[in-house]
Amino acid sequence: MTNFSSIYKLSLVAVACFVQACSSSCPVLECWFVQEKAGGGGGLTAATSQEKSLLHIRTDAHSQSAKTQKAPSNINPNRVYFVTDPAATLCHRSLNPPRGSVKKPQCEINPFLPQPCTLKWVAPLTDSAISPIYLQADWFSTAIHGLNRQLGISNIIRAPTATAEHNVILSVTSKTVSVQSRLGEPVVLDCGFWADPSSPLSGSGFAVEWRYQFRGDGRLVLAYDGKEDRLAETQEEGTTLDFEALHEKGNASLILQEAQVRHSGTYICTVYLPYLLAQVAMELEIVEPPSLSIHPSPLPLSAPGQTLTVQCDASGFTPLSMELSWEFKDADGKSRPLGSGSVTGHRQAWDGTFSQSTRLELDTSKLDLGRGGEVICVAVHPGGTRRASVTLNVIGFSAPSIEDSMAMVGVALVLYGLIKFVSWTFTSSGSDEADKDKKKN
């Protein structure tokens with residue numbers, strides 16, 4: 001029994017050490033605290049100030065490890081925050097670079113003012129005209145990007161007035177900050193959220209909104225009222241959510257059933273709680289390499305001094321940027337560039353993809369093409385490099401090669417044998433007829 005008790009105590013100690021180790025793996029984030037200057041000018045853009053700040057992240061509000069650390073001398077002690085994140089979203093490895101690393105996560109803190117939203121799919125969250133006493137506190141929002149764009153996080157943080165004890169109330173994350181997809185493939189834009197279950201705001205429902213922006217153009221893609229379980233009337237065709245995962249796990253990811261050119265742009269996922277909102281943005285780029293075709297194919301036989309015109313058509317590609325060029329590979333396998341030829345402007349198809357052509361003049365007397373080879377069209381595109389080739393045969397250019405000589409000797413021998421055979425046949429038949437005539441006489 002004593003041995004069992006000892007093992008039990010050791011197990012508790014091991015678990016406690018494990019929890020402490022996990023807690024200590026949470027980073028200390030270097031951030032900028034950005035806010036409008038008091039009494040700023042009356043211009044269109046308000047003047048702002050920014051100060052260096054630190055966020056000590058922990059998963060347990062009772063952890064004392066962060067408080068024992070001294071703040072650097074160049075940081076105002078009032079800008080050192082101890083943030084409790086029970087969901088451990090801020091403990092992601094992309095927010096904790098190796099010691100001495102030059103690359104750091106990007107972090108910004110702003111004051112936040114809780115207020116009701118008038119959007120019709122959000123308004124039911126704040127049916128009561130009375131703001132809860134819970135809102136009487138210091139509120140902040142954070143926008144954080146992990147290393148190498150692995151993670152995007154937006155948090156709403158609350159602290160009792162004039163304290164440094166901050167708690168994450170709402171957290172919205174995305175692991176697809178930058179996404180590329182081929183045409184026609186399904187795309188999932190990741191967006192997840194977590195709300196503090198101890199907060200009185202988390203039990204009153206939620207709403208999710210997806211918006212699209214591209215070069216100043218914006219539109220609502222999808223909006224969902226989680227409190228009344230209904231979608232907004234405006235929903236883009238071919239988009240949906242996993243509603244079961246949304247309610248059970250906070251998975252608000254947008255599903256595009258079939259990627260199209262028009263889907264390239266910025267997508268913003270916004271999650272609403274009563275009086276609160278947090279959002280993350282992500283970039284989607286549809287990348288489709290070109291299909292190449294060469295005309296005419298095959299090329300006609302060419303003689304020295306003759307000029308041939310070859311055209312290469314690249315079609316069905318996006319985005320717009322692409323470089324077209326020509327290469328020539330001789331009979332020995334050696335390649336050399338022939339330039340870009342005469343390149344046309346871009347043409348856009350009904351589905352938003354682009355096409356472009358290049359035309360090359362092949363002067364067999366000037367380009368030193370020998371007996372011929374392969375003419376290759378090369379397209380360099382963000383979706384990959386594509387090549388198409390056609391065979392060029394030049395006749396009568398120079399003395400025959402050893403192989404050609406052997407072939408001609410073989411043909412000559414065959415012809416000589418045929419001639420001798422025919423001659424022998426006619427000679428023998430003539431002799432037989434003469435013998436027959438002599439016998440008759």
# chains A, B, ... in the order shown; residues from 1 in each chain; ligands from 1
call {"tool": "select_by_dssp", "arguments": {"residues": "range 214-389 of chain A", "states": "alpha helix (DSSP H)", "output": "list of chain:residue names"}}
result
A:Phe243, A:Glu244, A:Ala245, A:Leu246, A:His247, A:Glu248, A:Lys249
call {"tool": "residues_around", "arguments": {"residues": "Val179 in chain A", "least_positions_apart": "2", "cutoff": "7 Å", "atoms": "only C-alpha atoms", "output": "PyMOL selection string"}}
result
chain A and resi 176-177+181+283-285
call {"tool": "select_by_dssp", "arguments": {"residues": "range 19-214 of chain A", "states": "strand (DSSP E)", "output": "PyMOL selection string"}}
result
chain A and resi 28-36+48-58+80-84+106-111+138-145+152-159+165-174+178-181+187-189+192-195+207-214
call {"tool": "closest_residue", "arguments": {"among": "A:Asn393, A:Thr84, A:Ser204, A:Ser355", "to": "Thr318 in chain A", "atoms": "only C-alpha atoms"}}
result
A:Ser355
call {"tool": "residues_around", "arguments": {"residues": "range 212-223 of chain A", "least_positions_apart": "4", "cutoff": "9 Å", "atoms": "only C-alpha atoms", "output": "list in words"}}
result
Trp121, Ala207, Val208, Arg230, Leu231, Ala232, Glu233, Thr234, Gln235, Glu236, Glu237, Thr239, Thr240, Leu241, Leu254, His263, Ser264, Gly265, Thr266, Tyr267 and Ile268 of chain A
call {"tool": "write_last_selection", "arguments": {"atoms": "C-alpha atoms", "output": "PDB file, in the first residue's frame"}}
result
ATOM      1  CA  TRP A 121     -27.581  38.522 -38.766  1.00  0.00           C
ATOM      2  CA  ALA A 207     -22.637  34.921 -35.648  1.00  0.00           C
ATOM      3  CA  VAL A 208     -20.152  34.307 -38.461  1.00  0.00           C
ATOM      4  CA  ARG A 230     -30.173  30.617 -40.146  1.00  0.00           C
ATOM      5  CA  LEU A 231     -28.181  31.885 -43.119  1.00  0.00           C
ATOM      6  CA  ALA A 232     -28.474  35.377 -44.507  1.00  0.00           C
ATOM      7  CA  GLU A 233     -30.427  35.656 -47.732  1.00  0.00           C
ATOM      8  CA  THR A 234     -27.268  36.712 -49.558  1.00  0.00           C
ATOM      9  CA  GLN A 235     -25.062  33.670 -50.063  1.00  0.00           C
ATOM     10  CA  GLU A 236     -22.574  33.233 -52.864  1.00  0.00           C
ATOM     11  CA  GLU A 237     -23.180  30.152 -54.998  1.00  0.00           C
ATOM     12  CA  THR A 239     -19.928  28.262 -50.765  1.00  0.00           C
ATOM     13  CA  THR A 240     -20.908  26.620 -47.492  1.00  0.00           C
ATOM     14  CA  LEU A 241     -19.903  25.906 -43.880  1.00  0.00           C
ATOM     15  CA  LEU A 254     -15.399  28.519 -45.539  1.00  0.00           C
ATOM     16  CA  HIS A 263     -12.162  33.629 -56.143  1.00  0.00           C
ATOM     17  CA  SER A 264      -8.640  35.118 -56.031  1.00  0.00           C
ATOM     18  CA  GLY A 265      -8.462  37.849 -53.396  1.00  0.00           C
ATOM     19  CA  THR A 266      -8.708  38.556 -49.667  1.00  0.00           C
ATOM     20  CA  TYR A 267     -11.210  36.746 -47.470  1.00  0.00           C
ATOM     21  CA  ILE A 268     -12.158  38.063 -44.034  1.00  0.00           C
TER      22      ILE A 268
END
call {"tool": "residues_around", "arguments": {"residues": "range 134-148 of chain A", "least_positions_apart": "4", "cutoff": "9 Å", "atoms": "only C-alpha atoms", "output": "number ranges by chain"}}
result
A: 31, 92-97, 103-114, 152-163, 166, 177, 199-201, 275, 278-280
call {"tool": "write_last_selection", "arguments": {"atoms": "C-alpha atoms", "output": "PDB file, in the first residue's frame"}}
result
ATOM      1  CA  CYS A  31       4.068  43.868 -29.549  1.00  0.00           C
ATOM      2  CA  HIS A  92       1.396  28.029 -30.982  1.00  0.00           C
ATOM      3  CA  ARG A  93       4.941  27.146 -32.046  1.00  0.00           C
ATOM      4  CA  SER A  94       4.935  29.799 -34.792  1.00  0.00           C
ATOM      5  CA  LEU A  95       4.668  32.468 -32.060  1.00  0.00           C
ATOM      6  CA  ASN A  96       7.689  31.137 -30.170  1.00  0.00           C
ATOM      7  CA  PRO A  97      10.795  31.507 -32.368  1.00  0.00           C
ATOM      8  CA  LYS A 103      12.495  36.772 -37.327  1.00  0.00           C
ATOM      9  CA  LYS A 104       9.747  37.592 -34.856  1.00  0.00           C
ATOM     10  CA  PRO A 105       5.968  37.216 -34.903  1.00  0.00           C
ATOM     11  CA  GLN A 106       4.079  40.375 -35.802  1.00  0.00           C
ATOM     12  CA  CYS A 107       1.894  41.657 -32.983  1.00  0.00           C
ATOM     13  CA  GLU A 108      -0.241  44.749 -32.476  1.00  0.00           C
ATOM     14  CA  ILE A 109      -2.485  45.736 -29.544  1.00  0.00           C
ATOM     15  CA  ASN A 110      -5.294  48.271 -29.761  1.00  0.00           C
ATOM     16  CA  PRO A 111      -7.878  49.568 -27.298  1.00  0.00           C
ATOM     17  CA  PHE A 112     -11.275  48.017 -28.010  1.00  0.00           C
ATOM     18  CA  LEU A 113     -14.759  49.402 -27.339  1.00  0.00           C
ATOM     19  CA  PRO A 114     -17.536  46.789 -26.948  1.00  0.00           C
ATOM     20  CA  GLY A 152      -3.175  34.463 -38.006  1.00  0.00           C
ATOM     21  CA  ILE A 153      -4.818  35.301 -34.662  1.00  0.00           C
ATOM     22  CA  SER A 154      -7.225  37.978 -33.500  1.00  0.00           C
ATOM     23  CA  ASN A 155      -8.115  38.186 -29.811  1.00  0.00           C
ATOM     24  CA  ILE A 156     -10.460  40.225 -27.658  1.00  0.00           C
ATOM     25  CA  ILE A 157      -8.943  40.601 -24.189  1.00  0.00           C
ATOM     26  CA  ARG A 158     -10.605  41.857 -21.014  1.00  0.00           C
ATOM     27  CA  ALA A 159      -9.116  43.099 -17.762  1.00  0.00           C
ATOM     28  CA  PRO A 160     -10.756  44.568 -14.685  1.00  0.00           C
ATOM     29  CA  THR A 161     -10.212  48.317 -14.803  1.00  0.00           C
ATOM     30  CA  ALA A 162      -6.667  49.471 -13.952  1.00  0.00           C
ATOM     31  CA  THR A 163      -5.198  45.969 -13.621  1.00  0.00           C
ATOM     32  CA  HIS A 166      -5.897  40.118 -18.833  1.00  0.00           C
ATOM     33  CA  VAL A 177      -3.165  32.912 -44.053  1.00  0.00           C
ATOM     34  CA  SER A 199     -17.893  34.781 -19.800  1.00  0.00           C
ATOM     35  CA  PRO A 200     -21.579  35.813 -19.658  1.00  0.00           C
ATOM     36  CA  LEU A 201     -21.265  36.837 -23.328  1.00  0.00           C
ATOM     37  CA  TYR A 275     -20.923  43.410 -28.147  1.00  0.00           C
ATOM     38  CA  ALA A 278     -12.775  39.513 -33.911  1.00  0.00           C
ATOM     39  CA  GLN A 279     -11.648  38.839 -37.453  1.00  0.00           C
ATOM     40  CA  VAL A 280      -8.795  37.317 -39.434  1.00  0.00           C
TER      41      VAL A 280
END
